[in-house]
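Peer 1: Have a peek at target.cif (mmCIF, N, CA and C atoms).
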```cif
data_input
loop_
_atom_site.label_atom_id
_atom_site.label_comp_id
_atom_site.auth_asym_id
_atom_site.auth_seq_id
_atom_site.Cartn_x
_atom_site.Cartn_y
_atom_site.Cartn_z
N MET A 1 125.40 78.30 76.95
CA MET A 1 124.60 79.34 76.34
C MET A 1 125.41 80.63 76.28
N PRO A 2 125.57 81.22 75.10
CA PRO A 2 126.39 82.43 74.99
C PRO A 2 125.72 83.63 75.64
N ARG A 3 126.54 84.48 76.21
CA ARG A 3 126.03 85.71 76.84
C ARG A 3 125.60 86.70 75.78
N LYS A 4 124.52 87.39 76.06
CA LYS A 4 124.06 88.43 75.16
C LYS A 4 124.89 89.68 75.43
N VAL A 5 125.45 90.26 74.39
CA VAL A 5 126.31 91.41 74.54
C VAL A 5 125.49 92.68 74.30
N ARG A 6 125.61 93.62 75.19
CA ARG A 6 124.87 94.87 75.08
C ARG A 6 125.60 95.82 74.15
N ASP A 7 124.89 96.35 73.19
CA ASP A 7 125.49 97.26 72.21
C ASP A 7 125.33 98.70 72.69
N TYR A 8 126.31 99.17 73.44
CA TYR A 8 126.25 100.52 74.01
C TYR A 8 126.25 101.60 72.93
N ARG A 9 126.97 101.36 71.86
CA ARG A 9 127.03 102.35 70.78
C ARG A 9 125.64 102.56 70.16
N ALA A 10 124.97 101.46 69.87
CA ALA A 10 123.63 101.56 69.28
C ALA A 10 122.66 102.20 70.26
N GLU A 11 122.80 101.87 71.54
CA GLU A 11 121.93 102.44 72.57
C GLU A 11 122.11 103.95 72.64
N TYR A 12 123.35 104.40 72.57
CA TYR A 12 123.63 105.84 72.60
C TYR A 12 123.05 106.52 71.36
N ASP A 13 123.30 105.93 70.20
CA ASP A 13 122.82 106.53 68.95
C ASP A 13 121.30 106.61 68.91
N LYS A 14 120.65 105.59 69.42
CA LYS A 14 119.19 105.52 69.31
C LYS A 14 118.48 106.38 70.36
N TYR A 15 119.03 106.47 71.57
CA TYR A 15 118.30 107.17 72.64
C TYR A 15 119.13 108.24 73.33
N GLN A 16 120.23 107.85 73.93
CA GLN A 16 121.00 108.77 74.76
C GLN A 16 121.63 109.91 73.96
N GLY A 17 121.86 109.70 72.70
CA GLY A 17 122.51 110.71 71.88
C GLY A 17 121.55 111.67 71.19
N THR A 18 120.25 111.50 71.40
CA THR A 18 119.30 112.42 70.77
C THR A 18 119.40 113.79 71.43
N GLU A 19 119.04 114.81 70.69
CA GLU A 19 119.15 116.18 71.20
C GLU A 19 118.35 116.38 72.49
N GLN A 20 117.14 115.84 72.55
CA GLN A 20 116.30 116.01 73.73
C GLN A 20 116.93 115.35 74.95
N GLN A 21 117.49 114.15 74.79
CA GLN A 21 118.10 113.45 75.92
C GLN A 21 119.38 114.15 76.37
N LYS A 22 120.11 114.76 75.45
CA LYS A 22 121.30 115.52 75.83
C LYS A 22 120.90 116.72 76.68
N LYS A 23 119.80 117.38 76.31
CA LYS A 23 119.31 118.53 77.09
C LYS A 23 118.84 118.09 78.46
N ASN A 24 118.13 116.96 78.52
CA ASN A 24 117.67 116.44 79.81
C ASN A 24 118.86 116.10 80.71
N ARG A 25 119.87 115.46 80.16
CA ARG A 25 121.06 115.09 80.94
C ARG A 25 121.77 116.33 81.45
N ALA A 26 121.85 117.38 80.61
CA ALA A 26 122.48 118.63 81.03
C ALA A 26 121.71 119.26 82.19
N GLN A 27 120.39 119.19 82.15
CA GLN A 27 119.57 119.73 83.25
C GLN A 27 119.79 118.93 84.53
N ARG A 28 119.86 117.59 84.41
CA ARG A 28 120.12 116.75 85.59
C ARG A 28 121.48 117.09 86.20
N ASN A 29 122.49 117.23 85.34
CA ASN A 29 123.83 117.55 85.83
C ASN A 29 123.86 118.92 86.50
N LYS A 30 123.15 119.88 85.94
CA LYS A 30 123.10 121.22 86.51
C LYS A 30 122.43 121.21 87.88
N ALA A 31 121.36 120.45 88.01
CA ALA A 31 120.66 120.35 89.30
C ALA A 31 121.57 119.73 90.35
N ARG A 32 122.33 118.72 89.96
CA ARG A 32 123.25 118.06 90.89
C ARG A 32 124.36 119.03 91.31
N ARG A 33 124.92 119.77 90.34
CA ARG A 33 125.98 120.75 90.66
C ARG A 33 125.47 121.80 91.63
N THR A 34 124.27 122.29 91.40
CA THR A 34 123.68 123.31 92.27
C THR A 34 123.50 122.78 93.69
N ALA A 35 122.98 121.56 93.82
CA ALA A 35 122.78 120.96 95.14
C ALA A 35 124.12 120.71 95.84
N THR A 36 125.14 120.35 95.08
CA THR A 36 126.47 120.14 95.66
C THR A 36 127.04 121.46 96.16
N ARG A 37 126.88 122.50 95.37
CA ARG A 37 127.37 123.82 95.76
C ARG A 37 126.68 124.32 97.03
N GLU A 38 125.39 124.00 97.17
CA GLU A 38 124.63 124.43 98.35
C GLU A 38 124.87 123.53 99.55
N GLY A 39 125.63 122.43 99.36
CA GLY A 39 125.95 121.54 100.47
C GLY A 39 124.86 120.53 100.79
N LYS A 40 123.90 120.36 99.91
CA LYS A 40 122.80 119.42 100.16
C LYS A 40 123.19 117.98 99.87
N VAL A 41 124.10 117.77 98.92
CA VAL A 41 124.58 116.43 98.58
C VAL A 41 126.09 116.47 98.44
N ARG A 42 126.67 115.28 98.55
CA ARG A 42 128.11 115.14 98.35
C ARG A 42 128.36 113.92 97.48
N LYS A 43 129.50 113.87 96.88
CA LYS A 43 129.89 112.73 96.07
C LYS A 43 129.93 111.48 96.94
N GLY A 44 129.26 110.43 96.49
CA GLY A 44 129.30 109.16 97.20
C GLY A 44 128.36 109.04 98.38
N ASP A 45 127.45 109.99 98.57
CA ASP A 45 126.56 109.93 99.73
C ASP A 45 125.32 109.07 99.50
N GLY A 46 125.14 108.52 98.29
CA GLY A 46 124.01 107.65 98.01
C GLY A 46 122.71 108.38 97.79
N LYS A 47 122.78 109.67 97.55
CA LYS A 47 121.57 110.47 97.34
C LYS A 47 121.45 110.88 95.88
N ASP A 48 120.19 111.02 95.44
CA ASP A 48 119.89 111.52 94.10
C ASP A 48 119.22 112.87 94.22
N VAL A 49 119.45 113.72 93.23
CA VAL A 49 118.72 114.97 93.14
C VAL A 49 117.54 114.66 92.22
N ALA A 50 116.36 114.52 92.81
CA ALA A 50 115.17 114.10 92.08
C ALA A 50 114.35 115.31 91.68
N HIS A 51 113.82 115.27 90.48
CA HIS A 51 112.94 116.34 90.02
C HIS A 51 111.53 116.08 90.51
N VAL A 52 110.86 117.12 90.97
CA VAL A 52 109.50 116.99 91.47
C VAL A 52 108.59 116.49 90.36
N LYS A 53 108.77 117.02 89.16
CA LYS A 53 108.02 116.54 87.99
C LYS A 53 109.05 115.97 87.02
N ALA A 54 108.90 114.70 86.67
CA ALA A 54 109.87 114.00 85.84
C ALA A 54 109.96 114.61 84.44
N PHE A 55 111.12 114.49 83.80
CA PHE A 55 111.31 115.01 82.45
C PHE A 55 110.36 114.35 81.47
N ASP A 56 110.09 113.03 81.65
CA ASP A 56 109.16 112.33 80.75
C ASP A 56 107.77 112.95 80.80
N LYS A 57 107.44 113.55 81.93
CA LYS A 57 106.12 114.15 82.12
C LYS A 57 106.13 115.65 81.86
N GLY A 58 107.21 116.17 81.28
CA GLY A 58 107.28 117.59 80.94
C GLY A 58 107.88 118.47 82.01
N GLY A 59 108.59 117.89 82.96
CA GLY A 59 109.20 118.65 84.04
C GLY A 59 110.48 119.34 83.64
N SER A 60 110.98 120.18 84.54
CA SER A 60 112.25 120.88 84.31
C SER A 60 112.83 121.24 85.67
N ASN A 61 114.02 121.85 85.67
CA ASN A 61 114.62 122.28 86.92
C ASN A 61 113.78 123.34 87.60
N GLY A 62 113.05 124.13 86.81
CA GLY A 62 112.22 125.19 87.36
C GLY A 62 111.05 124.67 88.18
N ASP A 63 110.64 123.42 87.94
CA ASP A 63 109.54 122.82 88.69
C ASP A 63 109.98 122.42 90.10
N GLY A 64 111.27 122.39 90.34
CA GLY A 64 111.78 122.07 91.66
C GLY A 64 112.47 120.71 91.70
N VAL A 65 113.39 120.59 92.63
CA VAL A 65 114.11 119.34 92.85
C VAL A 65 114.08 119.03 94.34
N ARG A 66 114.29 117.76 94.66
CA ARG A 66 114.38 117.36 96.05
C ARG A 66 115.47 116.30 96.18
N ILE A 67 116.00 116.16 97.36
CA ILE A 67 117.05 115.18 97.63
C ILE A 67 116.38 113.91 98.14
N GLU A 68 116.67 112.78 97.48
CA GLU A 68 116.10 111.49 97.87
C GLU A 68 117.19 110.43 97.84
N SER A 69 116.94 109.34 98.54
CA SER A 69 117.86 108.21 98.45
C SER A 69 117.75 107.62 97.05
N ARG A 70 118.79 106.95 96.60
CA ARG A 70 118.78 106.36 95.26
C ARG A 70 117.64 105.36 95.12
N SER A 71 117.46 104.51 96.12
CA SER A 71 116.43 103.48 96.01
C SER A 71 115.04 104.08 95.91
N LYS A 72 114.79 105.14 96.63
CA LYS A 72 113.47 105.77 96.59
C LYS A 72 113.24 106.47 95.24
N ASN A 73 114.25 107.12 94.72
CA ASN A 73 114.11 107.86 93.47
C ASN A 73 113.98 106.95 92.26
N ARG A 74 114.51 105.75 92.33
CA ARG A 74 114.55 104.88 91.15
C ARG A 74 113.52 103.75 91.21
N SER A 75 112.51 103.90 92.04
CA SER A 75 111.56 102.81 92.23
C SER A 75 110.18 103.10 91.66
N PHE A 76 110.08 103.96 90.65
CA PHE A 76 108.78 104.30 90.08
C PHE A 76 108.30 103.22 89.12
N ARG A 77 106.98 103.08 89.02
CA ARG A 77 106.38 102.13 88.09
C ARG A 77 106.63 102.58 86.66
N ARG A 78 106.91 101.63 85.79
CA ARG A 78 107.13 101.93 84.38
C ARG A 78 106.34 100.94 83.54
N ASP A 79 106.02 101.34 82.29
CA ASP A 79 105.29 100.44 81.40
C ASP A 79 106.27 99.60 80.59
N LYS A 80 105.76 98.85 79.61
CA LYS A 80 106.61 97.94 78.82
C LYS A 80 107.67 98.67 78.02
N GLN A 81 107.42 99.94 77.67
CA GLN A 81 108.41 100.72 76.92
C GLN A 81 109.34 101.49 77.87
N SER A 82 109.27 101.21 79.16
CA SER A 82 110.09 101.84 80.20
C SER A 82 109.75 103.30 80.43
N ASN A 83 108.54 103.72 80.03
CA ASN A 83 108.10 105.08 80.30
C ASN A 83 107.51 105.14 81.71
N LEU A 84 107.66 106.26 82.33
CA LEU A 84 107.16 106.45 83.67
C LEU A 84 105.64 106.37 83.70
N VAL A 85 105.09 105.52 84.57
CA VAL A 85 103.65 105.38 84.70
C VAL A 85 103.16 106.22 85.86
N SER A 86 103.87 106.14 86.97
CA SER A 86 103.45 106.86 88.17
C SER A 86 104.67 107.47 88.83
N GLU A 87 104.54 108.71 89.28
CA GLU A 87 105.65 109.35 89.98
C GLU A 87 105.64 109.00 91.46
N THR A 88 104.68 108.19 91.87
CA THR A 88 104.59 107.76 93.25
C THR A 88 105.07 106.32 93.33
N SER A 89 106.03 106.05 94.18
CA SER A 89 106.55 104.70 94.29
C SER A 89 105.56 103.82 95.04
N LYS A 90 105.74 102.51 94.96
CA LYS A 90 104.88 101.57 95.68
C LYS A 90 104.90 101.87 97.17
N ARG A 91 106.07 102.20 97.67
CA ARG A 91 106.23 102.49 99.09
C ARG A 91 105.38 103.70 99.50
N GLU A 92 105.36 104.74 98.68
CA GLU A 92 104.57 105.93 98.99
C GLU A 92 103.08 105.67 98.87
N ARG A 93 102.69 104.82 97.90
CA ARG A 93 101.27 104.50 97.75
C ARG A 93 100.75 103.74 98.96
N LYS A 94 101.58 102.89 99.55
CA LYS A 94 101.17 102.13 100.73
C LYS A 94 100.94 103.02 101.93
N LYS A 95 101.69 104.11 102.01
CA LYS A 95 101.57 105.05 103.15
C LYS A 95 100.23 105.75 103.17
N LYS A 96 99.62 105.95 101.99
CA LYS A 96 98.38 106.72 101.89
C LYS A 96 97.17 105.96 102.36
#
```
Represent the structure contained in this file as structure tokens.
Peer 2:
Amino acid sequence: MPRKVRDYRAEYDKYQGTEQQKKNRAQRNKARRTATREGKVRKGDGKDVAHVKAFDKGGSNGDGVRIESRSKNRSFRRDKQSNLVSETSKRERKKK
């Protein structure tokens, strides 16, 4: 069975290259640089600079950021179109 080849160029043109996604990526990068400058994170430490309110939900750097492990930050529920459904992970919902 032949392997399905991922078309990175088409993916970039369709989603990652849009003006809104470029602005979101610039905000993420800026938040990471700021946290690095303040000594909260380091390269290779396995931490993500997570936004308190996700960009999909209308968030920005002004809403605040927090330092989380990669696994915790990337474990949110998503729908079939990969949009964020809940900003609370399964692990956090179980704690409540």
Peer 1: Since I can't run it myself right now, could you work out what the PyMOL selection byres ((chain A and resi 65-80) around 5) selects here and report it as a PyMOL selection string?
Peer 2: chain A and resi 46-52+63-64+81-86+89
Peer 1: Would you output that residue set with N, CA and C atoms, as a compact mmCIF listing (two decimals), keeping the file's coordinate frame?
Peer 2:
```txt
# COMPACT_ATOMS: atom_id res chain seq x y z
N GLY A 46 125.14 108.52 98.29
CA GLY A 46 124.01 107.65 98.01
C GLY A 46 122.71 108.38 97.79
N LYS A 47 122.78 109.67 97.55
CA LYS A 47 121.57 110.47 97.34
C LYS A 47 121.45 110.88 95.88
N ASP A 48 120.19 111.02 95.44
CA ASP A 48 119.89 111.52 94.10
C ASP A 48 119.22 112.87 94.22
N VAL A 49 119.45 113.72 93.23
CA VAL A 49 118.72 114.97 93.14
C VAL A 49 117.54 114.66 92.22
N ALA A 50 116.36 114.52 92.81
CA ALA A 50 115.17 114.10 92.08
C ALA A 50 114.35 115.31 91.68
N HIS A 51 113.82 115.27 90.48
CA HIS A 51 112.94 116.34 90.02
C HIS A 51 111.53 116.08 90.51
N VAL A 52 110.86 117.12 90.97
CA VAL A 52 109.50 116.99 91.47
C VAL A 52 108.59 116.49 90.36
N ASP A 63 110.64 123.42 87.94
CA ASP A 63 109.54 122.82 88.69
C ASP A 63 109.98 122.42 90.10
N GLY A 64 111.27 122.39 90.34
CA GLY A 64 111.78 122.07 91.66
C GLY A 64 112.47 120.71 91.70
N GLN A 81 107.42 99.94 77.67
CA GLN A 81 108.41 100.72 76.92
C GLN A 81 109.34 101.49 77.87
N SER A 82 109.27 101.21 79.16
CA SER A 82 110.09 101.84 80.20
C SER A 82 109.75 103.30 80.43
N ASN A 83 108.54 103.72 80.03
CA ASN A 83 108.10 105.08 80.30
C ASN A 83 107.51 105.14 81.71
N LEU A 84 107.66 106.26 82.33
CA LEU A 84 107.16 106.45 83.67
C LEU A 84 105.64 106.37 83.70
N VAL A 85 105.09 105.52 84.57
CA VAL A 85 103.65 105.38 84.70
C VAL A 85 103.16 106.22 85.86
N SER A 86 103.87 106.14 86.97
CA SER A 86 103.45 106.86 88.17
C SER A 86 104.67 107.47 88.83
N SER A 89 106.03 106.05 94.18
CA SER A 89 106.55 104.70 94.29
C SER A 89 105.56 103.82 95.04
```
Peer 1: Pick out each residue of range 14-54 of chain A that DSSP on the backbone tags as alpha helix (DSSP H); I need them as number ranges by chain.
Peer 2: A: 19-37
Peer 1: Report, in Å with one decimal, the straight-line distance from CA of Arg32 in chain A to CA of Asn61 in chain A.
Peer 2: 10.4 Å
Peer 1: Please run DSSP on the backbone and report, as a ChimeraX atom specification, all residues within chain A that come out as strand (DSSP E or B).
Peer 2: /A:47-51,65-69,78,84
Peer 1: Those selected residues, please, written with N, CA and C atoms and delivered as a PDB file, in the frame of the given file.
Peer 2:
```pdb
ATOM      1  N   LYS A  47     122.780 109.670  97.550  1.00  0.00           N
ATOM      2  CA  LYS A  47     121.570 110.470  97.340  1.00  0.00           C
ATOM      3  C   LYS A  47     121.450 110.880  95.880  1.00  0.00           C
ATOM      4  N   ASP A  48     120.190 111.020  95.440  1.00  0.00           N
ATOM      5  CA  ASP A  48     119.890 111.520  94.100  1.00  0.00           C
ATOM      6  C   ASP A  48     119.220 112.870  94.220  1.00  0.00           C
ATOM      7  N   VAL A  49     119.450 113.720  93.230  1.00  0.00           N
ATOM      8  CA  VAL A  49     118.720 114.970  93.140  1.00  0.00           C
ATOM      9  C   VAL A  49     117.540 114.660  92.220  1.00  0.00           C
ATOM     10  N   ALA A  50     116.360 114.520  92.810  1.00  0.00           N
ATOM     11  CA  ALA A  50     115.170 114.100  92.080  1.00  0.00           C
ATOM     12  C   ALA A  50     114.350 115.310  91.680  1.00  0.00           C
ATOM     13  N   HIS A  51     113.820 115.270  90.480  1.00  0.00           N
ATOM     14  CA  HIS A  51     112.940 116.340  90.020  1.00  0.00           C
ATOM     15  C   HIS A  51     111.530 116.080  90.510  1.00  0.00           C
ATOM     16  N   VAL A  65     113.390 120.590  92.630  1.00  0.00           N
ATOM     17  CA  VAL A  65     114.110 119.340  92.850  1.00  0.00           C
ATOM     18  C   VAL A  65     114.080 119.030  94.340  1.00  0.00           C
ATOM     19  N   ARG A  66     114.290 117.760  94.660  1.00  0.00           N
ATOM     20  CA  ARG A  66     114.380 117.360  96.050  1.00  0.00           C
ATOM     21  C   ARG A  66     115.470 116.300  96.180  1.00  0.00           C
ATOM     22  N   ILE A  67     116.000 116.160  97.360  1.00  0.00           N
ATOM     23  CA  ILE A  67     117.050 115.180  97.630  1.00  0.00           C
ATOM     24  C   ILE A  67     116.380 113.910  98.140  1.00  0.00           C
ATOM     25  N   GLU A  68     116.670 112.780  97.480  1.00  0.00           N
ATOM     26  CA  GLU A  68     116.100 111.490  97.870  1.00  0.00           C
ATOM     27  C   GLU A  68     117.190 110.430  97.840  1.00  0.00           C
ATOM     28  N   SER A  69     116.940 109.340  98.540  1.00  0.00           N
ATOM     29  CA  SER A  69     117.860 108.210  98.450  1.00  0.00           C
ATOM     30  C   SER A  69     117.750 107.620  97.050  1.00  0.00           C
ATOM     31  N   ARG A  78     106.910 101.630  85.790  1.00  0.00           N
ATOM     32  CA  ARG A  78     107.130 101.930  84.380  1.00  0.00           C
ATOM     33  C   ARG A  78     106.340 100.940  83.540  1.00  0.00           C
ATOM     34  N   LEU A  84     107.660 106.260  82.330  1.00  0.00           N
ATOM     35  CA  LEU A  84     107.160 106.450  83.670  1.00  0.00           C
ATOM     36  C   LEU A  84     105.640 106.370  83.700  1.00  0.00           C
TER      37      LEU A  84
END
```
Peer 1: What's the 12 Å shell around Ser60 in chain A, counting only C-alpha atoms, without same-chain residues fewer than 4 positions away, as a VMD selection string?
Peer 2: chain A and resid 23 to 28 30 to 31 50 to 56 64 to 65
Peer 1: Could you please determine the separation between CA of Gly59 in chain A and atom N of Arg9 in chain A in Å, to one decimal place?
Peer 2: 27.6 Å
Peer 1: How far is it from atom N of Asn29 in chain A to CA of Lys43 in chain A, in Å with one decimal?
Peer 2: 13.8 Å
